[in-house]
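Q: Provided herewith: target26.cif, mmCIF, N, CA and C atoms.
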data_model
loop_
_atom_site.label_atom_id
_atom_site.label_comp_id
_atom_site.auth_asym_id
_atom_site.auth_seq_id
_atom_site.Cartn_x
_atom_site.Cartn_y
_atom_site.Cartn_z
N MET A 449 -4.45 26.10 42.82
CA MET A 449 -4.50 27.23 41.93
C MET A 449 -3.28 28.11 42.18
N GLU A 450 -2.59 28.45 41.12
CA GLU A 450 -1.38 29.25 41.23
C GLU A 450 -1.71 30.74 41.30
N ALA A 451 -0.83 31.48 41.95
CA ALA A 451 -0.99 32.94 42.01
C ALA A 451 -0.73 33.53 40.63
N PRO A 452 -1.51 34.55 40.26
CA PRO A 452 -1.31 35.15 38.94
C PRO A 452 0.04 35.84 38.84
N GLU A 453 0.59 35.82 37.66
CA GLU A 453 1.86 36.50 37.39
C GLU A 453 1.64 38.02 37.52
N ALA A 454 2.73 38.76 37.66
CA ALA A 454 2.65 40.21 37.80
C ALA A 454 1.93 40.85 36.62
N GLY A 455 2.22 40.39 35.42
CA GLY A 455 1.58 40.93 34.22
C GLY A 455 0.09 40.65 34.20
N ASP A 456 -0.30 39.47 34.68
CA ASP A 456 -1.71 39.12 34.75
C ASP A 456 -2.43 39.98 35.77
N ARG A 457 -1.77 40.24 36.90
CA ARG A 457 -2.38 41.08 37.94
C ARG A 457 -2.56 42.50 37.42
N LEU A 458 -1.59 43.00 36.68
CA LEU A 458 -1.68 44.35 36.12
C LEU A 458 -2.82 44.43 35.10
N GLU A 459 -2.93 43.41 34.27
CA GLU A 459 -4.01 43.38 33.28
C GLU A 459 -5.38 43.32 33.96
N LEU A 460 -5.48 42.51 35.01
CA LEU A 460 -6.73 42.41 35.75
C LEU A 460 -7.08 43.76 36.40
N ALA A 461 -6.09 44.40 36.99
CA ALA A 461 -6.32 45.71 37.62
C ALA A 461 -6.79 46.73 36.59
N GLU A 462 -6.18 46.73 35.42
CA GLU A 462 -6.58 47.67 34.36
C GLU A 462 -8.00 47.38 33.89
N THR A 463 -8.33 46.11 33.74
CA THR A 463 -9.68 45.70 33.31
C THR A 463 -10.71 46.14 34.34
N MET A 464 -10.42 45.92 35.62
CA MET A 464 -11.36 46.31 36.68
C MET A 464 -11.50 47.82 36.75
N THR A 465 -10.41 48.55 36.60
CA THR A 465 -10.46 50.01 36.64
C THR A 465 -11.33 50.55 35.51
N LYS A 466 -11.16 49.98 34.33
CA LYS A 466 -11.96 50.41 33.18
C LYS A 466 -13.44 50.09 33.41
N ALA A 467 -13.73 48.89 33.89
CA ALA A 467 -15.12 48.51 34.14
C ALA A 467 -15.74 49.40 35.22
N LEU A 468 -15.00 49.67 36.28
CA LEU A 468 -15.51 50.55 37.34
C LEU A 468 -15.80 51.95 36.80
N SER A 469 -14.98 52.42 35.88
CA SER A 469 -15.17 53.77 35.34
C SER A 469 -16.46 53.88 34.54
N LEU A 470 -17.01 52.75 34.11
CA LEU A 470 -18.24 52.75 33.32
C LEU A 470 -19.50 52.72 34.18
N LEU A 471 -19.34 52.52 35.47
CA LEU A 471 -20.50 52.52 36.37
C LEU A 471 -20.95 53.94 36.64
N PRO A 472 -22.25 54.14 36.87
CA PRO A 472 -22.72 55.45 37.32
C PRO A 472 -22.02 55.81 38.63
N ASP A 473 -21.82 57.09 38.86
CA ASP A 473 -21.07 57.55 40.03
C ASP A 473 -21.62 57.01 41.35
N ASN A 474 -22.95 57.00 41.50
CA ASN A 474 -23.50 56.54 42.78
C ASN A 474 -23.27 55.04 43.00
N GLN A 475 -23.33 54.25 41.94
CA GLN A 475 -23.05 52.82 42.05
C GLN A 475 -21.58 52.58 42.37
N LYS A 476 -20.72 53.31 41.67
CA LYS A 476 -19.27 53.16 41.90
C LYS A 476 -18.91 53.54 43.33
N ALA A 477 -19.47 54.65 43.82
CA ALA A 477 -19.18 55.10 45.17
C ALA A 477 -19.63 54.06 46.19
N ALA A 478 -20.84 53.56 46.04
CA ALA A 478 -21.36 52.56 46.98
C ALA A 478 -20.49 51.31 46.98
N LEU A 479 -20.11 50.85 45.80
CA LEU A 479 -19.31 49.63 45.69
C LEU A 479 -17.92 49.83 46.31
N LEU A 480 -17.29 50.95 46.04
CA LEU A 480 -15.96 51.20 46.61
C LEU A 480 -16.02 51.35 48.12
N LEU A 481 -17.05 52.02 48.62
CA LEU A 481 -17.19 52.16 50.07
C LEU A 481 -17.39 50.80 50.73
N ARG A 482 -18.09 49.92 50.06
CA ARG A 482 -18.35 48.58 50.62
C ARG A 482 -17.12 47.69 50.53
N VAL A 483 -16.52 47.62 49.35
CA VAL A 483 -15.42 46.67 49.12
C VAL A 483 -14.09 47.20 49.62
N ARG A 484 -13.74 48.39 49.20
CA ARG A 484 -12.43 48.95 49.57
C ARG A 484 -12.38 49.40 51.02
N ASP A 485 -13.45 50.12 51.44
CA ASP A 485 -13.45 50.71 52.78
C ASP A 485 -14.15 49.84 53.83
N GLU A 486 -14.79 48.75 53.37
CA GLU A 486 -15.45 47.79 54.24
C GLU A 486 -16.48 48.43 55.17
N LEU A 487 -17.24 49.39 54.63
CA LEU A 487 -18.26 50.05 55.42
C LEU A 487 -19.56 49.26 55.38
N SER A 488 -20.37 49.45 56.41
CA SER A 488 -21.67 48.79 56.47
C SER A 488 -22.64 49.51 55.53
N TYR A 489 -23.76 48.86 55.25
CA TYR A 489 -24.78 49.48 54.40
C TYR A 489 -25.28 50.77 55.05
N GLN A 490 -25.43 50.75 56.37
CA GLN A 490 -25.89 51.93 57.10
C GLN A 490 -24.89 53.09 56.93
N GLU A 491 -23.60 52.80 57.08
CA GLU A 491 -22.57 53.84 56.93
C GLU A 491 -22.55 54.38 55.51
N ILE A 492 -22.68 53.51 54.53
CA ILE A 492 -22.69 53.94 53.13
C ILE A 492 -23.89 54.85 52.89
N GLY A 493 -25.04 54.46 53.42
CA GLY A 493 -26.24 55.27 53.28
C GLY A 493 -26.08 56.65 53.86
N GLU A 494 -25.44 56.73 55.02
CA GLU A 494 -25.21 58.03 55.66
C GLU A 494 -24.29 58.90 54.81
N ILE A 495 -23.25 58.30 54.26
CA ILE A 495 -22.30 59.06 53.44
C ILE A 495 -22.96 59.54 52.15
N LEU A 496 -23.73 58.65 51.51
CA LEU A 496 -24.35 59.00 50.23
C LEU A 496 -25.69 59.72 50.39
N GLY A 497 -26.20 59.77 51.60
CA GLY A 497 -27.47 60.44 51.85
C GLY A 497 -28.67 59.68 51.29
N VAL A 498 -28.60 58.34 51.37
CA VAL A 498 -29.69 57.50 50.88
C VAL A 498 -30.04 56.46 51.95
N SER A 499 -31.18 55.80 51.76
CA SER A 499 -31.62 54.78 52.71
C SER A 499 -30.81 53.49 52.54
N ARG A 500 -30.94 52.63 53.53
CA ARG A 500 -30.27 51.33 53.48
C ARG A 500 -30.75 50.53 52.28
N SER A 501 -32.05 50.57 52.00
CA SER A 501 -32.57 49.82 50.86
C SER A 501 -32.03 50.38 49.54
N SER A 502 -31.80 51.69 49.48
CA SER A 502 -31.19 52.28 48.29
C SER A 502 -29.76 51.80 48.12
N VAL A 503 -29.04 51.66 49.22
CA VAL A 503 -27.67 51.15 49.18
C VAL A 503 -27.69 49.72 48.64
N GLU A 504 -28.61 48.90 49.14
CA GLU A 504 -28.71 47.52 48.66
C GLU A 504 -28.95 47.49 47.16
N SER A 505 -29.83 48.36 46.70
CA SER A 505 -30.15 48.43 45.27
C SER A 505 -28.95 48.90 44.45
N LEU A 506 -28.27 49.92 44.93
CA LEU A 506 -27.08 50.43 44.23
C LEU A 506 -26.02 49.34 44.10
N LEU A 507 -25.79 48.62 45.19
CA LEU A 507 -24.77 47.57 45.17
C LEU A 507 -25.16 46.42 44.25
N PHE A 508 -26.43 46.04 44.28
CA PHE A 508 -26.90 44.97 43.40
C PHE A 508 -26.70 45.36 41.94
N ARG A 509 -27.13 46.57 41.58
CA ARG A 509 -27.00 47.01 40.18
C ARG A 509 -25.54 47.16 39.78
N ALA A 510 -24.70 47.65 40.68
CA ALA A 510 -23.27 47.80 40.37
C ALA A 510 -22.63 46.44 40.12
N ARG A 511 -22.92 45.47 40.97
CA ARG A 511 -22.33 44.13 40.80
C ARG A 511 -22.81 43.47 39.52
N GLU A 512 -24.10 43.61 39.24
CA GLU A 512 -24.65 43.03 38.01
C GLU A 512 -24.02 43.66 36.77
N ARG A 513 -23.88 44.97 36.75
CA ARG A 513 -23.29 45.64 35.59
C ARG A 513 -21.83 45.24 35.44
N LEU A 514 -21.10 45.18 36.54
CA LEU A 514 -19.69 44.75 36.47
C LEU A 514 -19.59 43.34 35.90
N ARG A 515 -20.47 42.46 36.37
CA ARG A 515 -20.47 41.09 35.85
C ARG A 515 -20.64 41.08 34.33
N ARG A 516 -21.64 41.83 33.85
CA ARG A 516 -21.89 41.87 32.41
C ARG A 516 -20.71 42.49 31.66
N LEU A 517 -20.16 43.56 32.19
CA LEU A 517 -19.02 44.21 31.53
C LEU A 517 -17.82 43.27 31.44
N LEU A 518 -17.52 42.59 32.53
CA LEU A 518 -16.35 41.73 32.57
C LEU A 518 -16.52 40.47 31.74
N ARG A 519 -17.75 40.08 31.52
CA ARG A 519 -18.02 38.93 30.65
C ARG A 519 -18.17 39.35 29.19
N GLY A 520 -18.10 40.65 28.94
CA GLY A 520 -18.21 41.15 27.57
C GLY A 520 -19.62 41.12 27.04
N GLN A 521 -20.61 41.09 27.93
CA GLN A 521 -22.00 41.01 27.52
C GLN A 521 -22.67 42.37 27.42
N GLU A 522 -21.93 43.42 27.69
CA GLU A 522 -22.50 44.76 27.63
C GLU A 522 -21.54 45.66 26.88
N ALA A 523 -22.10 46.55 26.09
CA ALA A 523 -21.27 47.50 25.35
C ALA A 523 -20.51 48.37 26.32
N ARG A 524 -19.29 48.65 25.99
CA ARG A 524 -18.44 49.47 26.86
C ARG A 524 -18.49 50.84 26.40
#
Taking this structure as input, can you express it in the form of structure tokens?

A:
Amino acid sequence: MEAPEAGDRLELAETMTKALSLLPDNQKAALLLRVRDELSYQEIGEILGVSRSSVESLLFRARERLRRLLRGQEAR
């Protein structure tokens, strides 16, 4: 598999940024803390003031919504 061209990477980044902007704030925050900052569920829960199970739920819903948005299966 070849590395994407610079233009493709820019387009992908723009698509992801737009999709992320459509997530509810709590889902977006949980996802960014997990993926970008590589925090544990416990750490995310402490930052957001929610339980570990709430973090799991937020991340599941965020990932599912992103999947649907990126596949064009959900209104933007």

Q: Just checking: using only C-alpha atoms, which residue out of A:Gly520, A:Ala478, A:Glu491, A:Leu514 ends up closest to Met464 of chain A?

A: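 For Met464 of chain A, the nearest of the given residues is A:Leu514.
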
Q: Return as a list in words the set of residues that the PyMOL selection byres ((chain A and resi 494-509) around 8) yields on the displayed structure.

A: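 With the PyMOL selection byres ((chain A and resi 494-509) around 8) on this model, the match is Asn474, Gln475, Lys476, Ala477, Ala478, Leu479, Ser488, Tyr489, Gln490, Glu491, Ile492, Gly493, Ala510, Arg511, Glu512, Arg513, Leu514 and Arg515 of chain A.
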
Q: Quote the spacing between atom C of Leu517 of chain A and atom C of Leu487 of chain A in Å to one decimal place.

A: 24.7 Å

Q: I'd like the interatomic distance between atom CA of Leu470 of chain A and atom C of Leu518 of chain A, to a tenth of an Å.

A: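 Straight-line distance from atom CA of Leu470 of chain A to atom C of Leu518 of chain A works out to 12.5 Å.
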
Q: May I ask for the distance between atom CA of Leu471 of chain A and atom CA of Glu453 of chain A, given in Å to one decimal place?

A: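 We find that atom CA of Leu471 of chain A and atom CA of Glu453 of chain A lie 27.5 Å from each other.
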
Q: Mind working out the centre and edge lengths of an axis-aligned box for segment 465-484 of chain A, all listed atoms inside, 8 Å added to each side, rounded to one decimal in Å and written as JSON?

A:
{"center_x": -17.0, "center_y": 52.1, "center_z": 42.1, "size_x": 29.1, "size_y": 26.9, "size_z": 33.8}
